>>> print(open('start00.txt').read())   # compact mmCIF, C-alpha atoms
# COMPACT_ATOMS: atom_id res chain seq x y z
CA MET A 213 77.28 111.03 95.13
CA LYS A 214 79.88 113.02 93.19
CA ASN A 215 80.57 115.55 95.96
CA TYR A 216 81.21 114.00 99.36
CA ILE A 217 83.58 113.55 102.30
CA PHE A 218 84.95 110.04 102.87
CA THR A 219 86.75 108.97 106.04
CA SER A 220 89.09 106.09 106.88
CA GLU A 221 91.07 105.17 109.99
CA SER A 222 94.29 103.36 110.85
CA ILE A 223 95.97 102.22 114.06
CA THR A 224 99.52 101.66 115.27
CA GLU A 225 101.04 98.30 116.19
CA GLY A 226 100.55 99.19 119.86
CA HIS A 227 96.77 98.95 119.53
CA PRO A 228 95.62 95.70 121.22
CA ASP A 229 94.00 94.31 118.05
CA LYS A 230 97.21 94.91 116.15
CA ILE A 231 99.29 93.30 118.90
CA CYS A 232 97.25 90.16 118.25
CA ASP A 233 97.58 90.41 114.47
CA ARG A 234 101.33 90.74 114.83
CA ILE A 235 101.57 87.77 117.20
CA ALA A 236 99.51 85.62 114.83
CA ASP A 237 101.52 86.55 111.75
CA SER A 238 104.83 86.13 113.59
CA ILE A 239 103.76 82.59 114.49
CA LEU A 240 102.80 81.97 110.85
CA ASP A 241 106.14 83.30 109.62
CA GLU A 242 108.07 81.02 111.95
CA ALA A 243 106.02 78.02 110.82
CA LEU A 244 106.64 78.84 107.14
CA ARG A 245 110.33 79.49 107.82
CA GLN A 246 110.71 75.93 109.14
CA ASP A 247 108.09 74.24 106.95
CA PRO A 248 106.78 76.08 103.84
CA ALA A 249 103.92 73.56 103.61
CA SER A 250 102.54 74.58 107.02
CA LYS A 251 98.78 74.93 107.32
CA MET A 252 98.11 77.47 110.05
CA ALA A 253 95.19 79.26 111.62
CA VAL A 254 96.54 80.29 115.02
CA GLU A 255 95.13 83.49 116.52
CA ALA A 256 95.59 85.53 119.68
CA THR A 257 93.52 87.46 122.20
CA ILE A 258 94.96 89.87 124.75
CA LYS A 259 93.64 91.62 127.85
CA ASP A 260 95.74 93.31 130.53
CA ASP A 261 98.78 91.07 131.08
CA PHE A 262 97.15 87.91 129.69
CA VAL A 263 97.55 86.48 126.17
CA LEU A 264 95.59 83.52 124.81
CA ILE A 265 97.00 81.81 121.71
CA TYR A 266 94.61 79.35 120.10
CA GLY A 267 93.70 77.67 116.85
CA GLU A 268 94.72 74.89 114.49
CA ALA A 269 98.12 74.00 113.07
CA ASN A 270 99.34 71.28 110.75
CA THR A 271 103.09 71.77 110.49
CA LYS A 272 106.44 70.08 111.00
CA ALA A 273 107.71 73.27 112.61
CA LYS A 274 108.59 73.33 116.29
CA LEU A 275 106.92 76.50 117.49
CA LYS A 276 107.64 78.27 120.77
CA TYR A 277 104.35 80.12 120.92
CA GLU A 278 104.93 81.81 124.27
CA GLU A 279 108.39 83.08 123.31
CA ILE A 280 107.13 84.46 120.00
CA ALA A 281 104.26 86.31 121.66
CA LYS A 282 106.42 87.86 124.36
CA GLU A 283 109.07 88.93 121.85
CA VAL A 284 106.44 90.64 119.68
CA ILE A 285 105.10 92.55 122.67
CA ARG A 286 108.60 93.65 123.67
CA GLU A 287 109.39 94.76 120.10
CA ILE A 288 106.26 96.89 120.05
CA GLY A 289 107.43 98.64 123.18
CA TYR A 290 105.47 97.27 126.13
CA THR A 291 107.55 96.35 129.17
CA GLU A 292 105.03 94.53 131.40
CA GLU A 293 105.32 90.82 132.10
CA TYR A 294 102.65 88.78 130.30
CA GLU A 295 101.13 85.39 131.03
CA VAL A 296 100.60 83.31 127.87
CA LEU A 297 98.18 80.40 127.59
CA VAL A 298 98.39 78.20 124.46
CA LYS A 299 95.47 76.13 123.14
CA VAL A 300 96.54 74.90 119.68
CA ARG A 301 95.61 71.58 118.16
CA GLU A 302 96.19 69.87 114.83
CA GLN A 303 94.04 70.94 111.89
CA SER A 304 91.04 68.72 111.19
CA SER A 305 92.02 65.80 108.96
CA GLU A 306 88.86 66.36 106.91
CA ILE A 307 89.83 69.94 106.14
CA ASN A 308 93.46 69.02 105.52
CA HIS A 309 92.48 66.32 103.02
CA ALA A 310 90.18 68.75 101.19
CA VAL A 311 93.02 71.28 100.88
CA VAL A 312 96.02 69.04 100.14
CA GLN A 313 94.74 66.77 97.41
CA ASP A 314 96.15 63.44 96.20
CA ASP A 315 96.96 64.78 92.72
CA GLY A 316 99.10 67.60 94.13
CA GLU A 317 96.47 70.27 93.63
CA ILE A 318 95.56 72.68 96.43
CA GLY A 319 91.90 73.25 97.17
CA ALA A 320 90.47 76.29 98.87
CA GLY A 321 90.82 76.08 102.64
CA ASP A 322 87.25 77.26 103.12
CA GLN A 323 84.29 78.65 101.26
CA GLY A 324 84.00 82.42 101.09
CA ILE A 325 83.99 85.64 99.12
CA MET A 326 86.96 87.97 98.63
CA PHE A 327 87.26 91.46 97.14
CA GLY A 328 90.11 93.48 95.70
CA TYR A 329 89.99 97.19 94.95
CA ALA A 330 92.13 99.83 93.27
CA CYS A 331 91.64 103.42 92.14
CA ASP A 332 93.72 106.28 90.79
CA ASP A 333 93.47 108.47 93.92
CA THR A 334 97.15 107.93 94.72
CA ASP A 335 100.36 106.78 93.04
CA ASN A 336 99.99 103.31 94.54
CA TYR A 337 96.34 103.01 93.49
CA MET A 338 94.91 103.13 97.00
CA PRO A 339 92.00 105.29 98.20
CA ALA A 340 93.38 108.54 99.59
CA ALA A 341 91.76 108.41 103.04
CA ILE A 342 93.20 105.03 104.04
CA GLU A 343 96.54 105.82 102.37
CA TYR A 344 97.09 108.96 104.45
CA ALA A 345 95.66 107.38 107.61
CA HIS A 346 98.22 104.56 107.30
CA LYS A 347 101.05 107.00 106.62
CA LEU A 348 100.12 109.02 109.70
CA ALA A 349 99.93 105.89 111.86
CA LYS A 350 103.31 104.65 110.64
CA ARG A 351 104.86 108.08 111.14
CA LEU A 352 103.35 108.30 114.64
CA SER A 353 104.94 104.95 115.50
CA ASP A 354 108.33 106.03 114.14
CA VAL A 355 108.23 109.31 116.05
CA ARG A 356 107.11 107.58 119.24
CA ARG A 357 110.16 105.32 119.25
CA GLY A 358 112.37 108.38 119.51
CA ASN A 359 110.26 110.46 121.89
CA ALA A 360 110.01 109.60 125.58
CA LEU A 361 106.64 111.35 125.95
CA LEU A 362 104.80 109.05 123.53
CA LEU A 363 103.72 105.44 124.11
CA PRO A 364 102.83 102.62 121.66
CA ASP A 365 99.04 102.79 121.32
CA GLY A 366 97.65 105.18 118.73
CA LYS A 367 94.94 105.81 116.13
CA THR A 368 94.62 108.07 113.10
CA GLN A 369 91.73 109.14 110.89
CA VAL A 370 91.56 111.16 107.68
CA SER A 371 88.49 112.69 105.99
CA VAL A 372 88.97 113.49 102.29
CA GLU A 373 86.65 115.83 100.41
CA TYR A 374 85.80 114.88 96.83
CA GLU A 375 84.37 117.14 94.14
CA ASN A 376 83.04 115.50 90.97
CA ASP A 377 84.45 112.26 92.38
CA LYS A 378 88.02 113.62 92.43
CA ILE A 379 90.08 114.58 95.48
CA LYS A 380 89.70 118.25 96.35
CA ARG A 381 91.17 118.61 99.84
CA ILE A 382 91.54 117.02 103.25
CA ASP A 383 88.76 118.16 105.53
CA THR A 384 89.69 116.63 108.90
CA ILE A 385 92.68 114.86 110.46
CA VAL A 386 92.40 112.99 113.77
CA VAL A 387 95.43 111.64 115.63
CA SER A 388 95.24 110.09 119.09
CA THR A 389 98.37 108.86 120.82
CA GLN A 390 99.05 107.20 124.13
CA HIS A 391 101.46 109.23 126.25
CA VAL A 392 103.15 109.38 129.63
CA ALA A 393 101.21 110.97 132.48
CA GLU A 394 103.69 113.86 132.75
CA ALA A 395 103.03 115.10 129.21
CA SER A 396 100.70 118.07 128.75
CA GLN A 397 98.07 118.13 126.03
CA GLN A 398 99.86 121.06 124.42
CA GLN A 399 103.12 119.14 124.28
CA ILE A 400 101.36 116.21 122.59
CA ALA A 401 99.61 118.52 120.13
CA ASP A 402 102.88 120.24 119.23
CA ILE A 403 104.73 116.93 118.67
CA VAL A 404 101.96 115.43 116.56
CA MET A 405 101.48 118.53 114.42
CA LYS A 406 105.18 119.20 113.83
CA ASP A 407 106.60 115.68 113.63
CA VAL A 408 103.68 113.55 112.41
CA ILE A 409 101.13 115.50 110.37
CA THR A 410 103.32 118.10 108.65
CA PRO A 411 105.85 115.61 107.19
CA VAL A 412 103.12 113.28 105.89
CA ILE A 413 100.23 115.29 104.45
CA PRO A 414 100.87 117.20 101.18
CA ASP A 415 100.48 120.96 101.61
CA GLU A 416 98.28 121.21 98.53
CA LEU A 417 95.60 119.09 100.21
CA LEU A 418 95.41 121.33 103.28
CA ASP A 419 93.81 124.76 103.62
CA GLU A 420 92.71 127.20 106.30
CA ASP A 421 89.51 125.20 106.86
CA THR A 422 91.19 121.85 107.50
CA ILE A 423 90.31 120.64 111.00
CA TYR A 424 92.98 119.05 113.23
CA LEU A 425 91.82 116.97 116.20
CA ILE A 426 94.77 115.74 118.26
CA SER A 427 93.89 113.37 121.11
CA PRO A 428 90.36 114.81 121.23
CA SER A 429 89.43 112.65 124.25
CA GLY A 430 92.03 114.48 126.35
CA SER A 431 94.36 112.36 128.47
CA PHE A 432 95.39 109.01 126.92
CA VAL A 433 97.77 107.41 129.43
CA MET A 434 96.29 103.93 129.79
CA GLY A 435 96.51 102.16 126.45
CA GLY A 436 97.31 98.86 124.81
CA SER A 437 95.87 95.75 126.42
CA PHE A 438 95.39 97.55 129.73
CA GLY A 439 93.08 100.12 128.14
CA ASP A 440 91.17 97.69 125.93
CA SER A 441 91.10 94.06 124.83
CA GLY A 442 92.38 92.84 121.47
CA THR A 443 91.78 89.94 119.09
CA THR A 444 93.28 88.84 115.78
CA GLY A 445 91.35 89.90 112.69
CA ARG A 446 89.11 92.61 114.14
CA LYS A 447 90.50 95.41 111.98
CA ILE A 448 89.70 94.02 108.52
CA VAL A 449 88.51 97.44 107.24
CA VAL A 450 91.77 99.05 108.38
CA ASP A 451 93.69 96.16 106.81
CA SER A 452 92.00 96.51 103.42
CA TYR A 453 90.63 99.73 101.85
CA GLY A 454 89.31 101.77 104.75
CA GLY A 455 85.74 101.09 103.71
CA MET A 456 86.09 102.50 100.18
CA GLY A 457 86.07 99.00 98.64
CA ARG A 458 83.93 96.14 99.83
CA ILE A 459 85.41 93.44 102.04
CA GLY A 460 84.91 89.68 102.18
CA GLY A 461 83.90 87.42 105.01
CA GLY A 462 87.26 86.69 106.58
CA CYS A 463 90.29 88.44 107.99
CA PHE A 464 93.88 88.02 106.77
CA SER A 465 96.22 87.69 109.74
CA SER A 466 97.03 84.21 111.11
CA LYS A 467 96.10 82.37 107.90
CA ASP A 468 98.49 80.48 105.64
CA PRO A 469 98.02 81.01 101.87
CA SER A 470 95.84 77.93 101.38
CA LYS A 471 93.20 80.01 103.14
CA VAL A 472 91.67 81.98 100.28
CA ASP A 473 90.40 84.59 102.74
CA ARG A 474 93.98 85.81 102.56
CA SER A 475 95.58 84.63 99.32
CA ALA A 476 92.61 85.30 97.05
CA ALA A 477 92.03 88.72 98.63
CA TYR A 478 95.66 89.53 97.81
CA TYR A 479 95.16 88.24 94.28
CA CYS A 480 91.99 90.29 93.77
CA ARG A 481 93.94 93.41 94.75
CA TYR A 482 96.69 92.36 92.32
CA VAL A 483 94.18 92.04 89.50
CA ALA A 484 92.30 95.26 90.29
CA LYS A 485 95.52 97.24 90.59
CA ASN A 486 96.73 96.00 87.23
CA ILE A 487 93.47 97.00 85.57
CA VAL A 488 93.78 100.57 86.89
CA ALA A 489 97.54 100.77 86.33
CA HIS A 490 97.01 99.85 82.67
CA GLN A 491 94.41 102.65 82.46
CA LEU A 492 91.58 100.32 81.59
CA ALA A 493 89.57 102.03 84.36
CA SER A 494 90.09 104.63 87.07
CA LYS A 495 88.37 102.41 89.65
CA CYS A 496 88.15 98.65 89.74
CA GLU A 497 86.74 96.12 92.15
CA VAL A 498 87.12 92.36 91.71
CA GLN A 499 85.10 89.75 93.59
CA VAL A 500 85.89 86.05 93.67
CA ALA A 501 84.17 83.20 95.51
CA TYR A 502 85.32 79.68 96.42
CA ALA A 503 83.93 76.44 97.79
CA ILE A 504 86.01 74.46 100.29
CA GLY A 505 88.28 71.90 98.64
CA LYS A 506 87.67 73.23 95.13
CA VAL A 507 90.65 74.32 93.04
CA LYS A 508 88.87 76.91 90.89
CA PRO A 509 86.58 79.72 92.04
CA VAL A 510 82.84 79.37 91.66
CA SER A 511 82.54 82.95 90.39
CA ILE A 512 84.53 86.03 89.35
CA MET A 513 82.99 89.50 89.03
CA VAL A 514 84.42 92.89 88.05
CA ASP A 515 82.95 96.37 88.59
CA THR A 516 84.61 99.53 87.27
CA PHE A 517 81.84 101.83 88.50
CA GLY A 518 81.31 103.32 85.06
CA THR A 519 84.97 104.41 84.77
CA GLY A 520 86.14 101.72 82.34
CA ASN A 521 87.56 102.38 78.89
CA LYS A 522 86.00 99.06 77.95
CA SER A 523 82.85 97.37 79.18
CA ASP A 524 83.05 95.40 82.42
CA GLU A 525 82.38 92.25 80.39
CA GLU A 526 85.38 92.99 78.16
CA ILE A 527 87.55 93.73 81.18
CA LEU A 528 86.48 90.45 82.77
CA ASP A 529 87.60 88.68 79.59
CA ILE A 530 90.98 90.42 79.86
CA ILE A 531 91.24 89.30 83.48
CA ARG A 532 90.44 85.69 82.61
CA SER A 533 93.07 85.76 79.85
CA ASN A 534 95.85 87.15 82.05
CA PHE A 535 95.23 85.84 85.56
CA SER A 536 94.57 82.40 87.05
CA PHE A 537 92.46 82.25 90.19
CA GLU A 538 93.26 78.60 90.89
CA VAL A 539 94.55 78.36 94.45
CA LYS A 540 97.87 76.73 93.58
CA ASP A 541 98.51 79.27 90.80
CA ILE A 542 97.83 82.19 93.14
CA ILE A 543 100.26 80.81 95.72
CA GLU A 544 102.96 80.20 93.11
CA GLU A 545 102.59 83.47 91.19
CA LEU A 546 102.67 85.62 94.32
CA LYS A 547 105.22 83.40 96.11
CA LEU A 548 103.09 83.20 99.22
CA CYS A 549 104.68 80.25 101.05
CA ARG A 550 107.36 82.51 102.52
CA PRO A 551 107.73 84.17 105.95
CA ILE A 552 106.49 87.59 104.75
CA TYR A 553 103.42 88.09 106.89
CA LYS A 554 104.61 89.85 110.04
CA ALA A 555 105.23 92.94 107.91
CA THR A 556 101.61 92.91 106.71
CA SER A 557 100.15 92.94 110.21
CA CYS A 558 100.08 96.72 110.59
CA TYR A 559 99.69 99.76 108.30
CA GLY A 560 97.71 97.87 105.68
CA HIS A 561 98.07 94.79 103.54
CA PHE A 562 97.78 96.80 100.32
CA GLY A 563 99.48 99.74 98.64
CA ARG A 564 102.98 98.75 99.80
CA GLU A 565 105.45 98.02 97.02
CA GLU A 566 107.41 95.41 98.98
CA PHE A 567 104.58 92.89 98.57
CA SER A 568 104.31 90.65 95.50
CA TRP A 569 100.60 91.34 95.00
CA GLU A 570 101.42 95.01 94.39
CA LYS A 571 103.54 94.46 91.28
CA ILE A 572 102.43 95.57 87.81
CA LYS A 573 102.69 92.99 85.07
CA ASP A 574 102.28 93.12 81.30
CA LEU A 575 98.76 92.36 80.13
CA LYS A 576 97.84 90.87 76.76
CA TYR A 577 94.57 92.03 75.23
>>> encode(input="start00.txt", output="structure tokens")
Amino acid sequence: MKNYIFTSESITEGHPDKICDRIADSILDEALRQDPASKMAVEATIKDDFVLIYGEANTKAKLKYEEIAKEVIREIGYTEEYEVLVKVREQSSEINHAVVQDDGEIGAGDQGIMFGYACDDTDNYMPAAIEYAHKLAKRLSDVRRGNALLLPDGKTQVSVEYENDKIKRIDTIVVSTQHVAEASQQQIADIVMKDVITPVIPDELLDEDTIYLISPSGSFVMGGSFGDSGTTGRKIVVDSYGGMGRIGGGCFSSKDPSKVDRSAAYYCRYVAKNIVAHQLASKCEVQVAYAIGKVKPVSIMVDTFGTGNKSDEEILDIIRSNFSFEVKDIIEELKLCRPIYKATSCYGHFGREEFSWEKIKDLKY
């Protein structure tokens, strides 16, 4: 289709799934802060006032799991007292030996497929719908922290209309925010329109037919873990490209960079973004696949959806000449053994210039 409407959603850090992502990545950051060689896959689940932290860890770090979880919840803005149960054991020795090899190489922490995507919709080479959904969610969170009527849980959604495969306008904007019981629906609508939507969405993408749906369900007082349950890794589409690009088989949050679900997905984005930024194509998707314990990928594929200035085969040759998909090289080039992951846990892992996988590098071809 050349003429279509495409929709993506985002959520705030007060959403229960994002609470769990933030807990998991805060635990990972603390492990890497104490021991950069940490191998971590520790997740969280939350419901009401109960948090379960569970998974595998191979680290020299001394981790206070309960304290980390409670601090994350307080930072987000919830004031209830939470019970935390921890079920974490050491990583399987079989897996650890496959990853940390005797010759110093690092093998893939699991088998799997990963995708990276970039396009010229926006200045940071992200699809427009997810870009604006994230910006609205982040703005909603910022506004909420200074407004006593708003509470931490929230969701956004943006529908972008394309004509001849180029952005024409924004068709629909949806914003739902948790709020105190005393707030009227009109008060919420006024705050969201004036302080959230207007500062974020460019005027030239709006028109008299744009539809605004603000808390369309009506009252939204009970939110967070008391309104729903949450689990690490359930928002992989929100975390990546809002459905515009394909996604692999694993989530990002909780995983140290030996897990290619995370590190190779970041690298695929890095590669795809560089292809578009160097105007070799206006859209680019990169797929890579690994086998557990193997240093090199078993396959690399590129698709420019007919937008390339060179053939996809030629672009793949350029990629192979400029990028190394070996696990150790990915970790070293992107400097991934650092405590940088808490910041990724909400508002998207891509399109944010503070992350190393978003940099543009010189290509030789």
>>> closest_residue(input="start00.txt", among="A:Thr257, A:Asp421, A:Gly321, A:Phe327", to="Val449 of chain A", atoms="all atoms listed in the file")
A:Phe327
>>> closest_residue(input="start00.txt", among="A:Glu225, A:Asp241, A:Asp524, A:Asp451", to="Val254 of chain A", atoms="only C-alpha atoms")
A:Asp241
>>> closest_residue(input="start00.txt", among="A:Lys276, A:Leu348, A:His561, A:Ala243", to="Leu297 of chain A", atoms="only C-alpha atoms")
A:Lys276
>>> atom_distance(input="start00.txt", atom1="atom CA of Gly560 of chain A", atom2="atom CA of Val387 of chain A")
17.1 Å
>>> residues_around(input="start00.txt", residues="Ile400 of chain A", least_positions_apart="6", cutoff="9 Å", atoms="all atoms listed in the file", output="PyMOL selection string")
chain A and resi 361-362+389+391+426-427
>>> closest_residue(input="start00.txt", among="A:Ala236, A:Cys463, A:Ile409, A:Ile258", to="Ser475 of chain A", atoms="all atoms listed in the file")
A:Cys463
>>> residues_around(input="start00.txt", residues="Ser396 of chain A", least_positions_apart="6", cutoff="12 Å", atoms="all atoms listed in the file", output="list in words")
Leu361, Leu362, Gln390, Asp402, Ile403, Ser427, Gly430, Ser431, Phe432 and Val433 of chain A
>>> atom_distance(input="start00.txt", atom1="atom CA of Arg474 of chain A", atom2="atom CA of Ser557 of chain A")
12.1 Å
>>> closest_residue(input="start00.txt", among="A:Asp419, A:Glu343, A:Asp237, A:Glu373", to="Phe562 of chain A", atoms="only C-alpha atoms")
A:Glu343
>>> closest_residue(input="start00.txt", among="A:Ile527, A:Met213, A:Val263, A:Leu417", to="Val372 of chain A", atoms="only C-alpha atoms")
A:Leu417
>>> atom_distance(input="start00.txt", atom1="atom CA of Gly226 of chain A", atom2="atom CA of Thr291 of chain A")
12.0 Å
>>> residues_around(input="start00.txt", residues="Glu268 of chain A", least_positions_apart="2", cutoff="6 Å", atoms="all atoms listed in the file", output="list of chain:residue names")
A:Ala253, A:Val254, A:Val300, A:Arg301, A:Glu302, A:Gln303
>>> residues_around(input="start00.txt", residues="Tyr424 of chain A", least_positions_apart="3", cutoff="8 Å", atoms="all atoms listed in the file", output="JSON, numbers by chain")
{"A": [384, 385, 386]}
>>> residues_near_point(input="start00.txt", point="(100.8, 93.6, 82.8)", cutoff="9 Å", atoms="all atoms listed in the file", output="number ranges by chain")
A: 486-487, 489-490, 534, 571-576
>>> residues_around(input="start00.txt", residues="Asn336 of chain A", least_positions_apart="5", cutoff="10 Å", atoms="only C-alpha atoms", output="short mmCIF file (atom, residue, chain, number, x, y, z; two decimals) with C-alpha atoms, in the frame of the given file")
data_model
loop_
_atom_site.label_atom_id
_atom_site.label_comp_id
_atom_site.auth_asym_id
_atom_site.auth_seq_id
_atom_site.Cartn_x
_atom_site.Cartn_y
_atom_site.Cartn_z
CA ALA A 330 92.13 99.83 93.27
CA CYS A 331 91.64 103.42 92.14
CA GLU A 343 96.54 105.82 102.37
CA LYS A 485 95.52 97.24 90.59
CA ALA A 489 97.54 100.77 86.33
CA PHE A 562 97.78 96.80 100.32
CA GLY A 563 99.48 99.74 98.64
CA ARG A 564 102.98 98.75 99.80
CA GLU A 565 105.45 98.02 97.02
CA GLU A 570 101.42 95.01 94.39
#
>>> residues_near_point(input="start00.txt", point="(86.4, 86.6, 98.6)", cutoff="12 Å", atoms="all atoms listed in the file", output="PyMOL selection string")
chain A and resi 320+322-329+458-464+471-481+497-503+509-513+537
>>> write_last_selection(input="start00.txt", atoms="C-alpha atoms", output="short mmCIF file (atom, residue, chain, number, x, y, z; two decimals), keeping the file's coordinate frame")
data_model
loop_
_atom_site.label_atom_id
_atom_site.label_comp_id
_atom_site.auth_asym_id
_atom_site.auth_seq_id
_atom_site.Cartn_x
_atom_site.Cartn_y
_atom_site.Cartn_z
CA ALA A 320 90.47 76.29 98.87
CA ASP A 322 87.25 77.26 103.12
CA GLN A 323 84.29 78.65 101.26
CA GLY A 324 84.00 82.42 101.09
CA ILE A 325 83.99 85.64 99.12
CA MET A 326 86.96 87.97 98.63
CA PHE A 327 87.26 91.46 97.14
CA GLY A 328 90.11 93.48 95.70
CA TYR A 329 89.99 97.19 94.95
CA ARG A 458 83.93 96.14 99.83
CA ILE A 459 85.41 93.44 102.04
CA GLY A 460 84.91 89.68 102.18
CA GLY A 461 83.90 87.42 105.01
CA GLY A 462 87.26 86.69 106.58
CA CYS A 463 90.29 88.44 107.99
CA PHE A 464 93.88 88.02 106.77
CA LYS A 471 93.20 80.01 103.14
CA VAL A 472 91.67 81.98 100.28
CA ASP A 473 90.40 84.59 102.74
CA ARG A 474 93.98 85.81 102.56
CA SER A 475 95.58 84.63 99.32
CA ALA A 476 92.61 85.30 97.05
CA ALA A 477 92.03 88.72 98.63
CA TYR A 478 95.66 89.53 97.81
CA TYR A 479 95.16 88.24 94.28
CA CYS A 480 91.99 90.29 93.77
CA ARG A 481 93.94 93.41 94.75
CA GLU A 497 86.74 96.12 92.15
CA VAL A 498 87.12 92.36 91.71
CA GLN A 499 85.10 89.75 93.59
CA VAL A 500 85.89 86.05 93.67
CA ALA A 501 84.17 83.20 95.51
CA TYR A 502 85.32 79.68 96.42
CA ALA A 503 83.93 76.44 97.79
CA PRO A 509 86.58 79.72 92.04
CA VAL A 510 82.84 79.37 91.66
CA SER A 511 82.54 82.95 90.39
CA ILE A 512 84.53 86.03 89.35
CA MET A 513 82.99 89.50 89.03
CA PHE A 537 92.46 82.25 90.19
#
>>> axis_aligned_box(input="start00.txt", around="segment 470-480 of chain A", padding_each_side="5 Å", output="JSON")
{"center_x": 93.1, "center_y": 84.1, "center_z": 98.5, "size_x": 15.4, "size_y": 22.4, "size_z": 19.4}
>>> build_atoms(input="start00.txt", residues="segment 449-464 of chain A", atoms="N, CA, C and O atoms", output="PDB file, in the coordinates of the input")
ATOM      1  N   VAL A 449      88.707  96.229 108.059  1.00  0.00           N
ATOM      2  CA  VAL A 449      88.510  97.440 107.240  1.00  0.00           C
ATOM      3  C   VAL A 449      89.789  98.257 107.201  1.00  0.00           C
ATOM      4  O   VAL A 449      90.191  98.762 106.152  1.00  0.00           O
ATOM      5  N   VAL A 450      90.461  98.383 108.339  1.00  0.00           N
ATOM      6  CA  VAL A 450      91.770  99.050 108.380  1.00  0.00           C
ATOM      7  C   VAL A 450      92.765  98.292 107.498  1.00  0.00           C
ATOM      8  O   VAL A 450      93.558  98.895 106.768  1.00  0.00           O
ATOM      9  N   ASP A 451      92.728  96.976 107.540  1.00  0.00           N
ATOM     10  CA  ASP A 451      93.690  96.160 106.810  1.00  0.00           C
ATOM     11  C   ASP A 451      93.491  96.239 105.293  1.00  0.00           C
ATOM     12  O   ASP A 451      94.423  95.985 104.539  1.00  0.00           O
ATOM     13  N   SER A 452      92.281  96.556 104.848  1.00  0.00           N
ATOM     14  CA  SER A 452      92.000  96.510 103.420  1.00  0.00           C
ATOM     15  C   SER A 452      91.949  97.911 102.805  1.00  0.00           C
ATOM     16  O   SER A 452      92.990  98.496 102.527  1.00  0.00           O
ATOM     17  N   TYR A 453      90.748  98.477 102.623  1.00  0.00           N
ATOM     18  CA  TYR A 453      90.630  99.730 101.850  1.00  0.00           C
ATOM     19  C   TYR A 453      89.934 100.847 102.620  1.00  0.00           C
ATOM     20  O   TYR A 453      89.445 101.799 102.027  1.00  0.00           O
ATOM     21  N   GLY A 454      89.896 100.709 103.928  1.00  0.00           N
ATOM     22  CA  GLY A 454      89.310 101.770 104.750  1.00  0.00           C
ATOM     23  C   GLY A 454      87.839 101.994 104.521  1.00  0.00           C
ATOM     24  O   GLY A 454      87.309 103.048 104.844  1.00  0.00           O
ATOM     25  N   GLY A 455      87.170 100.976 103.967  1.00  0.00           N
ATOM     26  CA  GLY A 455      85.740 101.090 103.710  1.00  0.00           C
ATOM     27  C   GLY A 455      85.400 101.550 102.313  1.00  0.00           C
ATOM     28  O   GLY A 455      84.238 101.480 101.903  1.00  0.00           O
ATOM     29  N   MET A 456      86.371 102.018 101.544  1.00  0.00           N
ATOM     30  CA  MET A 456      86.090 102.500 100.180  1.00  0.00           C
ATOM     31  C   MET A 456      85.732 101.330  99.263  1.00  0.00           C
ATOM     32  O   MET A 456      84.850 101.429  98.430  1.00  0.00           O
ATOM     33  N   GLY A 457      86.425 100.205  99.387  1.00  0.00           N
ATOM     34  CA  GLY A 457      86.070  99.000  98.640  1.00  0.00           C
ATOM     35  C   GLY A 457      85.386  98.023  99.573  1.00  0.00           C
ATOM     36  O   GLY A 457      85.565  98.067 100.789  1.00  0.00           O
ATOM     37  N   ARG A 458      84.601  97.137  99.009  1.00  0.00           N
ATOM     38  CA  ARG A 458      83.930  96.140  99.830  1.00  0.00           C
ATOM     39  C   ARG A 458      84.946  95.121 100.379  1.00  0.00           C
ATOM     40  O   ARG A 458      86.041  94.992  99.851  1.00  0.00           O
ATOM     41  N   ILE A 459      84.540  94.438 101.436  1.00  0.00           N
ATOM     42  CA  ILE A 459      85.410  93.440 102.040  1.00  0.00           C
ATOM     43  C   ILE A 459      84.696  92.098 102.074  1.00  0.00           C
ATOM     44  O   ILE A 459      83.468  92.027 102.014  1.00  0.00           O
ATOM     45  N   GLY A 460      85.475  91.019 102.143  1.00  0.00           N
ATOM     46  CA  GLY A 460      84.910  89.680 102.180  1.00  0.00           C
ATOM     47  C   GLY A 460      84.567  89.238 103.584  1.00  0.00           C
ATOM     48  O   GLY A 460      84.504  90.031 104.517  1.00  0.00           O
ATOM     49  N   GLY A 461      84.397  87.941 103.734  1.00  0.00           N
ATOM     50  CA  GLY A 461      83.900  87.420 105.010  1.00  0.00           C
ATOM     51  C   GLY A 461      84.959  87.046 106.012  1.00  0.00           C
ATOM     52  O   GLY A 461      84.624  86.642 107.121  1.00  0.00           O
ATOM     53  N   GLY A 462      86.234  87.137 105.652  1.00  0.00           N
ATOM     54  CA  GLY A 462      87.260  86.690 106.580  1.00  0.00           C
ATOM     55  C   GLY A 462      88.427  87.646 106.665  1.00  0.00           C
ATOM     56  O   GLY A 462      88.701  88.401 105.732  1.00  0.00           O
ATOM     57  N   CYS A 463      89.113  87.599 107.798  1.00  0.00           N
ATOM     58  CA  CYS A 463      90.290  88.440 107.990  1.00  0.00           C
ATOM     59  C   CYS A 463      91.500  87.805 107.314  1.00  0.00           C
ATOM     60  O   CYS A 463      91.413  86.740 106.717  1.00  0.00           O
ATOM     61  N   PHE A 464      92.646  88.480 107.402  1.00  0.00           N
ATOM     62  CA  PHE A 464      93.880  88.020 106.770  1.00  0.00           C
ATOM     63  C   PHE A 464      94.841  87.384 107.775  1.00  0.00           C
ATOM     64  O   PHE A 464      95.325  86.274 107.570  1.00  0.00           O
TER      65      PHE A 464
END
